[in-house]
>>> print(open('final03.cif').read())   # mmCIF, N, CA and C atoms
data_target
#
loop_
_atom_site.label_atom_id
_atom_site.label_comp_id
_atom_site.auth_asym_id
_atom_site.auth_seq_id
_atom_site.Cartn_x
_atom_site.Cartn_y
_atom_site.Cartn_z
N MET A 19 10.99 -13.61 -61.13
CA MET A 19 11.55 -13.01 -59.95
C MET A 19 13.02 -13.39 -59.88
N GLN A 20 13.85 -12.43 -59.55
CA GLN A 20 15.27 -12.66 -59.50
C GLN A 20 15.70 -12.98 -58.07
N MET A 21 16.90 -13.56 -57.94
CA MET A 21 17.43 -13.96 -56.64
C MET A 21 17.51 -12.78 -55.67
N ARG A 22 17.88 -11.59 -56.15
CA ARG A 22 17.98 -10.43 -55.27
C ARG A 22 16.62 -10.03 -54.72
N ASP A 23 15.52 -10.37 -55.41
CA ASP A 23 14.19 -10.06 -54.92
C ASP A 23 13.77 -11.02 -53.81
N LEU A 24 14.36 -12.21 -53.77
CA LEU A 24 14.01 -13.20 -52.75
C LEU A 24 14.66 -12.90 -51.40
N PHE A 25 15.80 -12.20 -51.41
CA PHE A 25 16.51 -11.95 -50.16
C PHE A 25 15.66 -11.23 -49.12
N PRO A 26 14.98 -10.13 -49.46
CA PRO A 26 14.16 -9.47 -48.44
C PRO A 26 13.05 -10.38 -47.91
N MET A 27 12.50 -11.23 -48.77
CA MET A 27 11.44 -12.15 -48.32
C MET A 27 12.02 -13.19 -47.37
N ARG A 28 13.20 -13.71 -47.68
CA ARG A 28 13.83 -14.69 -46.79
C ARG A 28 14.21 -14.05 -45.45
N ALA A 29 14.74 -12.83 -45.52
CA ALA A 29 15.11 -12.12 -44.30
C ALA A 29 13.88 -11.87 -43.43
N ALA A 30 12.78 -11.48 -44.05
CA ALA A 30 11.55 -11.23 -43.29
C ALA A 30 11.04 -12.53 -42.66
N ALA A 31 11.12 -13.63 -43.40
CA ALA A 31 10.67 -14.92 -42.87
C ALA A 31 11.56 -15.36 -41.71
N ALA A 32 12.86 -15.15 -41.84
CA ALA A 32 13.78 -15.51 -40.76
C ALA A 32 13.53 -14.66 -39.52
N LEU A 33 13.26 -13.38 -39.72
CA LEU A 33 12.97 -12.48 -38.61
C LEU A 33 11.68 -12.89 -37.91
N ALA A 34 10.67 -13.24 -38.67
CA ALA A 34 9.40 -13.68 -38.09
C ALA A 34 9.59 -14.97 -37.30
N ALA A 35 10.38 -15.90 -37.82
CA ALA A 35 10.63 -17.16 -37.11
C ALA A 35 11.41 -16.90 -35.82
N ALA A 36 12.40 -16.02 -35.87
CA ALA A 36 13.17 -15.70 -34.66
C ALA A 36 12.30 -15.01 -33.63
N SER A 37 11.42 -14.12 -34.08
CA SER A 37 10.51 -13.43 -33.16
C SER A 37 9.57 -14.41 -32.48
N ALA A 38 9.04 -15.35 -33.26
CA ALA A 38 8.14 -16.36 -32.69
C ALA A 38 8.87 -17.23 -31.69
N ALA A 39 10.10 -17.62 -32.00
CA ALA A 39 10.88 -18.44 -31.07
C ALA A 39 11.17 -17.68 -29.79
N ALA A 40 11.49 -16.40 -29.91
CA ALA A 40 11.76 -15.59 -28.72
C ALA A 40 10.51 -15.44 -27.87
N LEU A 41 9.36 -15.29 -28.52
CA LEU A 41 8.11 -15.15 -27.78
C LEU A 41 7.79 -16.44 -27.03
N VAL A 42 7.91 -17.56 -27.70
CA VAL A 42 7.65 -18.84 -27.04
C VAL A 42 8.66 -19.08 -25.93
N GLY A 43 9.93 -18.79 -26.19
CA GLY A 43 10.96 -18.93 -25.16
C GLY A 43 10.69 -18.01 -23.99
N GLY A 44 10.24 -16.79 -24.28
CA GLY A 44 9.92 -15.84 -23.23
C GLY A 44 8.76 -16.31 -22.38
N LEU A 45 7.78 -16.96 -22.99
CA LEU A 45 6.65 -17.48 -22.23
C LEU A 45 7.11 -18.58 -21.29
N GLY A 46 8.02 -19.42 -21.76
CA GLY A 46 8.55 -20.46 -20.89
C GLY A 46 9.32 -19.87 -19.73
N ALA A 47 10.08 -18.82 -20.01
CA ALA A 47 10.84 -18.17 -18.94
C ALA A 47 9.91 -17.51 -17.94
N ALA A 48 8.80 -16.92 -18.41
CA ALA A 48 7.85 -16.29 -17.51
C ALA A 48 7.21 -17.32 -16.59
N ALA A 49 6.97 -18.51 -17.12
CA ALA A 49 6.37 -19.57 -16.30
C ALA A 49 7.34 -20.01 -15.20
N ASP A 50 8.64 -19.90 -15.47
CA ASP A 50 9.65 -20.30 -14.49
C ASP A 50 10.03 -19.16 -13.55
N ALA A 51 9.52 -17.95 -13.80
CA ALA A 51 9.88 -16.79 -12.98
C ALA A 51 9.32 -16.95 -11.57
N PRO A 52 10.06 -16.44 -10.59
CA PRO A 52 9.55 -16.51 -9.22
C PRO A 52 8.29 -15.67 -9.06
N PRO A 53 7.45 -16.00 -8.07
CA PRO A 53 6.26 -15.19 -7.84
C PRO A 53 6.64 -13.74 -7.55
N ALA A 54 5.80 -12.82 -8.00
CA ALA A 54 6.05 -11.39 -7.79
C ALA A 54 5.01 -10.83 -6.83
N LEU A 55 5.49 -10.19 -5.77
CA LEU A 55 4.63 -9.56 -4.77
C LEU A 55 5.06 -8.11 -4.62
N ALA A 56 4.24 -7.33 -3.91
CA ALA A 56 4.58 -5.91 -3.77
C ALA A 56 4.17 -5.39 -2.40
N THR A 57 4.89 -4.37 -1.96
CA THR A 57 4.52 -3.59 -0.79
C THR A 57 4.80 -2.14 -1.12
N ARG A 58 4.16 -1.27 -0.38
CA ARG A 58 4.27 0.17 -0.63
C ARG A 58 4.64 0.87 0.67
N ILE A 59 5.51 1.85 0.55
CA ILE A 59 5.86 2.70 1.70
C ILE A 59 5.14 4.02 1.52
N GLU A 60 4.31 4.36 2.49
CA GLU A 60 3.59 5.63 2.44
C GLU A 60 3.42 6.13 3.87
N ASN A 61 3.74 7.40 4.09
CA ASN A 61 3.72 7.97 5.44
C ASN A 61 4.62 7.18 6.38
N HIS A 62 5.73 6.70 5.84
CA HIS A 62 6.74 5.95 6.59
C HIS A 62 6.19 4.66 7.19
N ARG A 63 5.26 4.03 6.46
CA ARG A 63 4.69 2.73 6.86
C ARG A 63 4.62 1.83 5.63
N PHE A 64 4.77 0.53 5.88
CA PHE A 64 4.62 -0.44 4.81
C PHE A 64 3.16 -0.86 4.71
N ALA A 65 2.67 -1.00 3.49
CA ALA A 65 1.30 -1.48 3.26
C ALA A 65 1.31 -2.40 2.04
N PRO A 66 1.04 -3.66 2.17
CA PRO A 66 0.75 -4.32 3.44
C PRO A 66 2.03 -4.50 4.25
N ALA A 67 1.86 -4.56 5.55
CA ALA A 67 2.98 -4.78 6.45
C ALA A 67 3.19 -6.27 6.69
N GLU A 68 2.20 -7.06 6.35
CA GLU A 68 2.30 -8.52 6.47
C GLU A 68 2.28 -9.09 5.05
N ILE A 69 3.38 -9.70 4.66
CA ILE A 69 3.54 -10.22 3.30
C ILE A 69 3.66 -11.73 3.37
N ARG A 70 2.70 -12.42 2.78
CA ARG A 70 2.71 -13.89 2.78
C ARG A 70 3.34 -14.39 1.48
N VAL A 71 4.30 -15.30 1.65
CA VAL A 71 5.01 -15.88 0.50
C VAL A 71 4.96 -17.39 0.59
N PRO A 72 5.05 -18.07 -0.55
CA PRO A 72 5.12 -19.53 -0.49
C PRO A 72 6.47 -19.97 0.07
N ALA A 73 6.45 -20.93 0.98
CA ALA A 73 7.69 -21.44 1.57
C ALA A 73 8.51 -22.15 0.50
N ASN A 74 9.81 -22.14 0.68
CA ASN A 74 10.76 -22.86 -0.17
C ASN A 74 10.70 -22.44 -1.64
N THR A 75 10.31 -21.19 -1.88
CA THR A 75 10.20 -20.66 -3.24
C THR A 75 10.81 -19.27 -3.28
N PRO A 76 11.69 -18.98 -4.24
CA PRO A 76 12.20 -17.61 -4.33
C PRO A 76 11.06 -16.67 -4.73
N VAL A 77 11.15 -15.42 -4.28
CA VAL A 77 10.11 -14.43 -4.54
C VAL A 77 10.75 -13.11 -4.93
N MET A 78 10.11 -12.40 -5.86
CA MET A 78 10.52 -11.05 -6.23
C MET A 78 9.54 -10.10 -5.54
N LEU A 79 10.05 -9.25 -4.66
CA LEU A 79 9.23 -8.30 -3.92
C LEU A 79 9.53 -6.90 -4.42
N THR A 80 8.53 -6.24 -5.00
CA THR A 80 8.69 -4.86 -5.43
C THR A 80 8.30 -3.94 -4.28
N VAL A 81 9.20 -3.05 -3.93
CA VAL A 81 8.97 -2.08 -2.86
C VAL A 81 8.83 -0.71 -3.51
N THR A 82 7.63 -0.13 -3.43
CA THR A 82 7.37 1.19 -4.00
C THR A 82 7.35 2.21 -2.86
N ASN A 83 8.19 3.22 -3.00
CA ASN A 83 8.28 4.26 -1.98
C ASN A 83 7.50 5.49 -2.44
N ALA A 84 6.30 5.68 -1.90
CA ALA A 84 5.47 6.82 -2.27
C ALA A 84 5.85 8.09 -1.50
N ASP A 85 6.70 7.95 -0.50
CA ASP A 85 7.16 9.12 0.25
C ASP A 85 8.18 9.91 -0.57
N LYS A 86 8.46 11.13 -0.15
CA LYS A 86 9.44 11.97 -0.85
C LYS A 86 10.86 11.67 -0.40
N THR A 87 11.00 11.03 0.76
CA THR A 87 12.33 10.74 1.30
C THR A 87 12.69 9.27 1.07
N PRO A 88 13.97 8.95 1.04
CA PRO A 88 14.36 7.55 0.85
C PRO A 88 14.02 6.71 2.08
N GLU A 89 13.92 5.42 1.85
CA GLU A 89 13.71 4.46 2.93
C GLU A 89 14.51 3.21 2.60
N GLU A 90 14.94 2.53 3.64
CA GLU A 90 15.69 1.28 3.44
C GLU A 90 14.85 0.11 3.91
N PHE A 91 14.60 -0.84 3.01
CA PHE A 91 13.97 -2.11 3.37
C PHE A 91 15.10 -2.94 3.96
N ASP A 92 15.03 -3.21 5.26
CA ASP A 92 16.13 -3.85 5.96
C ASP A 92 15.62 -5.05 6.76
N SER A 93 16.30 -6.18 6.60
CA SER A 93 15.93 -7.37 7.36
C SER A 93 17.13 -8.30 7.53
N PRO A 94 17.71 -8.32 8.72
CA PRO A 94 18.77 -9.29 8.97
C PRO A 94 18.25 -10.74 8.82
N ALA A 95 16.99 -10.97 9.20
CA ALA A 95 16.42 -12.32 9.10
C ALA A 95 16.33 -12.78 7.65
N LEU A 96 16.05 -11.84 6.73
CA LEU A 96 15.96 -12.17 5.31
C LEU A 96 17.30 -12.00 4.60
N LYS A 97 18.27 -11.42 5.31
CA LYS A 97 19.59 -11.12 4.75
C LYS A 97 19.46 -10.17 3.55
N VAL A 98 18.66 -9.09 3.78
CA VAL A 98 18.37 -8.13 2.71
C VAL A 98 18.49 -6.70 3.24
N GLU A 99 19.09 -5.84 2.44
CA GLU A 99 19.09 -4.40 2.66
C GLU A 99 18.92 -3.76 1.29
N LYS A 100 17.91 -2.90 1.17
CA LYS A 100 17.66 -2.25 -0.12
C LYS A 100 17.16 -0.84 0.13
N VAL A 101 17.92 0.16 -0.31
CA VAL A 101 17.50 1.55 -0.20
C VAL A 101 16.64 1.87 -1.42
N VAL A 102 15.46 2.46 -1.15
CA VAL A 102 14.55 2.85 -2.22
C VAL A 102 14.34 4.36 -2.12
N ALA A 103 14.79 5.09 -3.12
CA ALA A 103 14.66 6.54 -3.13
C ALA A 103 13.19 6.94 -3.13
N GLY A 104 12.90 8.13 -2.64
CA GLY A 104 11.53 8.62 -2.63
C GLY A 104 10.97 8.71 -4.04
N GLY A 105 9.72 8.28 -4.20
CA GLY A 105 9.06 8.34 -5.49
C GLY A 105 9.51 7.31 -6.50
N THR A 106 10.22 6.26 -6.04
CA THR A 106 10.68 5.21 -6.95
C THR A 106 10.32 3.84 -6.39
N SER A 107 10.69 2.82 -7.15
CA SER A 107 10.49 1.43 -6.73
C SER A 107 11.80 0.69 -6.83
N GLY A 108 11.91 -0.36 -6.04
CA GLY A 108 13.07 -1.24 -6.09
C GLY A 108 12.61 -2.67 -5.94
N VAL A 109 13.41 -3.59 -6.41
CA VAL A 109 13.07 -5.01 -6.32
C VAL A 109 13.99 -5.69 -5.32
N VAL A 110 13.37 -6.44 -4.43
CA VAL A 110 14.10 -7.23 -3.43
C VAL A 110 13.89 -8.69 -3.79
N ARG A 111 14.97 -9.40 -3.98
CA ARG A 111 14.88 -10.83 -4.28
C ARG A 111 14.98 -11.61 -2.97
N LEU A 112 13.92 -12.33 -2.67
CA LEU A 112 13.91 -13.15 -1.45
C LEU A 112 14.28 -14.58 -1.82
N ARG A 113 15.24 -15.11 -1.11
CA ARG A 113 15.66 -16.49 -1.33
C ARG A 113 14.53 -17.43 -0.88
N PRO A 114 14.57 -18.70 -1.25
CA PRO A 114 13.58 -19.64 -0.73
C PRO A 114 13.65 -19.67 0.80
N LEU A 115 12.51 -19.49 1.44
CA LEU A 115 12.46 -19.40 2.90
C LEU A 115 11.77 -20.62 3.50
N ARG A 116 12.30 -21.07 4.63
CA ARG A 116 11.61 -22.10 5.38
C ARG A 116 10.34 -21.50 5.97
N PRO A 117 9.34 -22.31 6.27
CA PRO A 117 8.14 -21.75 6.91
C PRO A 117 8.53 -21.00 8.18
N GLY A 118 7.95 -19.83 8.34
CA GLY A 118 8.24 -19.01 9.52
C GLY A 118 7.97 -17.55 9.27
N GLN A 119 8.34 -16.74 10.25
CA GLN A 119 8.15 -15.30 10.18
C GLN A 119 9.49 -14.59 10.14
N TYR A 120 9.60 -13.59 9.27
CA TYR A 120 10.84 -12.87 9.03
C TYR A 120 10.55 -11.37 9.11
N PRO A 121 10.90 -10.72 10.22
CA PRO A 121 10.60 -9.28 10.35
C PRO A 121 11.48 -8.42 9.44
N PHE A 122 10.92 -7.26 9.06
CA PHE A 122 11.68 -6.27 8.31
C PHE A 122 11.31 -4.88 8.82
N THR A 123 12.19 -3.92 8.58
CA THR A 123 11.93 -2.54 8.98
C THR A 123 12.36 -1.59 7.88
N GLY A 124 11.84 -0.38 7.98
CA GLY A 124 12.36 0.73 7.20
C GLY A 124 13.40 1.38 8.10
N GLU A 125 14.65 1.16 7.82
CA GLU A 125 15.69 1.55 8.75
C GLU A 125 15.69 3.04 9.08
N TYR A 126 15.26 3.88 8.13
CA TYR A 126 15.28 5.32 8.38
C TYR A 126 14.10 5.79 9.24
N HIS A 127 13.05 4.97 9.34
CA HIS A 127 11.87 5.29 10.16
C HIS A 127 11.40 4.02 10.87
N ALA A 128 12.30 3.42 11.63
CA ALA A 128 12.02 2.13 12.26
C ALA A 128 10.88 2.19 13.28
N ASP A 129 10.58 3.40 13.77
CA ASP A 129 9.48 3.51 14.74
C ASP A 129 8.12 3.25 14.11
N THR A 130 7.98 3.53 12.79
CA THR A 130 6.69 3.33 12.13
C THR A 130 6.75 2.33 10.97
N ALA A 131 7.88 2.23 10.31
CA ALA A 131 8.00 1.38 9.11
C ALA A 131 8.52 0.01 9.51
N HIS A 132 7.60 -0.91 9.71
CA HIS A 132 8.02 -2.28 10.04
C HIS A 132 6.95 -3.24 9.55
N GLY A 133 7.35 -4.48 9.40
CA GLY A 133 6.44 -5.51 8.94
C GLY A 133 7.06 -6.87 9.08
N VAL A 134 6.41 -7.86 8.44
CA VAL A 134 6.87 -9.23 8.55
C VAL A 134 6.54 -9.98 7.26
N VAL A 135 7.49 -10.79 6.82
CA VAL A 135 7.26 -11.74 5.74
C VAL A 135 6.92 -13.07 6.40
N ILE A 136 5.82 -13.67 5.98
CA ILE A 136 5.40 -14.96 6.53
C ILE A 136 5.48 -15.99 5.40
N ALA A 137 6.38 -16.94 5.57
CA ALA A 137 6.53 -18.03 4.60
C ALA A 137 5.70 -19.20 5.08
N GLN A 138 4.80 -19.67 4.22
CA GLN A 138 3.94 -20.80 4.58
C GLN A 138 3.75 -21.73 3.42
#
>>> encode(input="final03.cif", output="structure tokens")
Amino acid sequence: MQMRDLFPMRAAAALAAASAAALVGGLGAAADAPPALATRIENHRFAPAEIRVPANTPVMLTVTNADKTPEEFDSPALKVEKVVAGGTSGVVRLRPLRPGQYPFTGEYHADTAHGVVIAQ
């Protein structure tokens, strides 16, 4: 076997090692990722409207808007505003919260779209 024949084998071995390292590193990163929760907007209402999160822990909240019109996830208490177009999803990053209740509304349909995040 000549040296030029070894290069593809070495490159493949290096690629496999890098892939394995990325996978293991990715698993560690996933373990450190904040908890992921979800709510859905349908008929201009949030479901669930009561979202329980662990206190003092950042959280990723996915807001799926099943309506055809846009809605804004709005909460001065959470210091968050996120417009979610109809038929799409958006992610709201919640900072670590002290135990308590944090109301939110759908600003475009505040009469029906409202809820609360409860940190415990």
>>> resolve_selection(input="final03.cif", expression="the PyMOL selection byres ((chain A and resi 71) around 8)", output="ChimeraX atom specification")
/A:68-70,72-75,77,115,135-138
>>> write_last_selection(input="final03.cif", atoms="N, CA and C atoms", output="compact mmCIF listing (two decimals), in the coordinates of the input")
# COMPACT_ATOMS: atom_id res chain seq x y z
N GLU A 68 2.20 -7.06 6.35
CA GLU A 68 2.30 -8.52 6.47
C GLU A 68 2.28 -9.09 5.05
N ILE A 69 3.38 -9.70 4.66
CA ILE A 69 3.54 -10.22 3.30
C ILE A 69 3.66 -11.73 3.37
N ARG A 70 2.70 -12.42 2.78
CA ARG A 70 2.71 -13.89 2.78
C ARG A 70 3.34 -14.39 1.48
N PRO A 72 5.05 -18.07 -0.55
CA PRO A 72 5.12 -19.53 -0.49
C PRO A 72 6.47 -19.97 0.07
N ALA A 73 6.45 -20.93 0.98
CA ALA A 73 7.69 -21.44 1.57
C ALA A 73 8.51 -22.15 0.50
N ASN A 74 9.81 -22.14 0.68
CA ASN A 74 10.76 -22.86 -0.17
C ASN A 74 10.70 -22.44 -1.64
N THR A 75 10.31 -21.19 -1.88
CA THR A 75 10.20 -20.66 -3.24
C THR A 75 10.81 -19.27 -3.28
N VAL A 77 11.15 -15.42 -4.28
CA VAL A 77 10.11 -14.43 -4.54
C VAL A 77 10.75 -13.11 -4.93
N LEU A 115 12.51 -19.49 1.44
CA LEU A 115 12.46 -19.40 2.90
C LEU A 115 11.77 -20.62 3.50
N VAL A 135 7.49 -10.79 6.82
CA VAL A 135 7.26 -11.74 5.74
C VAL A 135 6.92 -13.07 6.40
N ILE A 136 5.82 -13.67 5.98
CA ILE A 136 5.40 -14.96 6.53
C ILE A 136 5.48 -15.99 5.40
N ALA A 137 6.38 -16.94 5.57
CA ALA A 137 6.53 -18.03 4.60
C ALA A 137 5.70 -19.20 5.08
N GLN A 138 4.80 -19.67 4.22
CA GLN A 138 3.94 -20.80 4.58
C GLN A 138 3.75 -21.73 3.42
>>> atom_distance(input="final03.cif", atom1="CA of Asp129 in chain A", atom2="CA of Leu55 in chain A")
24.0 Å
>>> residues_around(input="final03.cif", residues="Thr57 in chain A", least_positions_apart="6", cutoff="5 Å", atoms="only N, CA and C atoms", output="number ranges by chain")
A: 65-66, 80-82
>>> write_last_selection(input="final03.cif", atoms="N, CA and C atoms", output="mmCIF file, in the frame of the given file")
data_model
loop_
_atom_site.group_PDB
_atom_site.id
_atom_site.type_symbol
_atom_site.label_atom_id
_atom_site.label_comp_id
_atom_site.auth_asym_id
_atom_site.auth_seq_id
_atom_site.Cartn_x
_atom_site.Cartn_y
_atom_site.Cartn_z
ATOM 1 N N ALA A 65 2.670 -1.000 3.490
ATOM 2 C CA ALA A 65 1.300 -1.480 3.260
ATOM 3 C C ALA A 65 1.310 -2.400 2.040
ATOM 4 N N PRO A 66 1.040 -3.660 2.170
ATOM 5 C CA PRO A 66 0.750 -4.320 3.440
ATOM 6 C C PRO A 66 2.030 -4.500 4.250
ATOM 7 N N THR A 80 8.530 -6.240 -5.000
ATOM 8 C CA THR A 80 8.690 -4.860 -5.430
ATOM 9 C C THR A 80 8.300 -3.940 -4.280
ATOM 10 N N VAL A 81 9.200 -3.050 -3.930
ATOM 11 C CA VAL A 81 8.970 -2.080 -2.860
ATOM 12 C C VAL A 81 8.830 -0.710 -3.510
ATOM 13 N N THR A 82 7.630 -0.130 -3.430
ATOM 14 C CA THR A 82 7.370 1.190 -4.000
ATOM 15 C C THR A 82 7.350 2.210 -2.860
#
>>> residues_near_point(input="final03.cif", point="(12.9, -5.5, 10.6)", cutoff="8 Å", atoms="all atoms listed in the file", output="PyMOL selection string")
chain A and resi 91-95+120-125+128+131-134
>>> atom_distance(input="final03.cif", atom1="CA of Leu96 in chain A", atom2="CA of Ala67 in chain A")
15.0 Å
>>> residues_around(input="final03.cif", residues="Arg111 in chain A", least_positions_apart="4", cutoff="7 Å", atoms="all atoms listed in the file", output="list in words")
Pro76, Val77, Met78 and Leu79 of chain A
>>> atom_distance(input="final03.cif", atom1="atom N of Phe64 in chain A", atom2="atom N of Val110 in chain A")
15.1 Å
>>> select_by_dssp(input="final03.cif", residues="range 63-108 of chain A", states="strand (DSSP E)", output="PyMOL selection string")
chain A and resi 63-65+68-71+77-83+89-93+98-102+107-108
>>> closest_residue(input="final03.cif", among="A:Gln119, A:Ala56, A:Leu112, A:Thr106", to="Thr87 in chain A", atoms="only C-alpha atoms")
A:Thr106
>>> closest_residue(input="final03.cif", among="A:Tyr126, A:Gly118, A:Pro52, A:Arg58", to="Glu89 in chain A", atoms="only N, CA and C atoms")
A:Tyr126
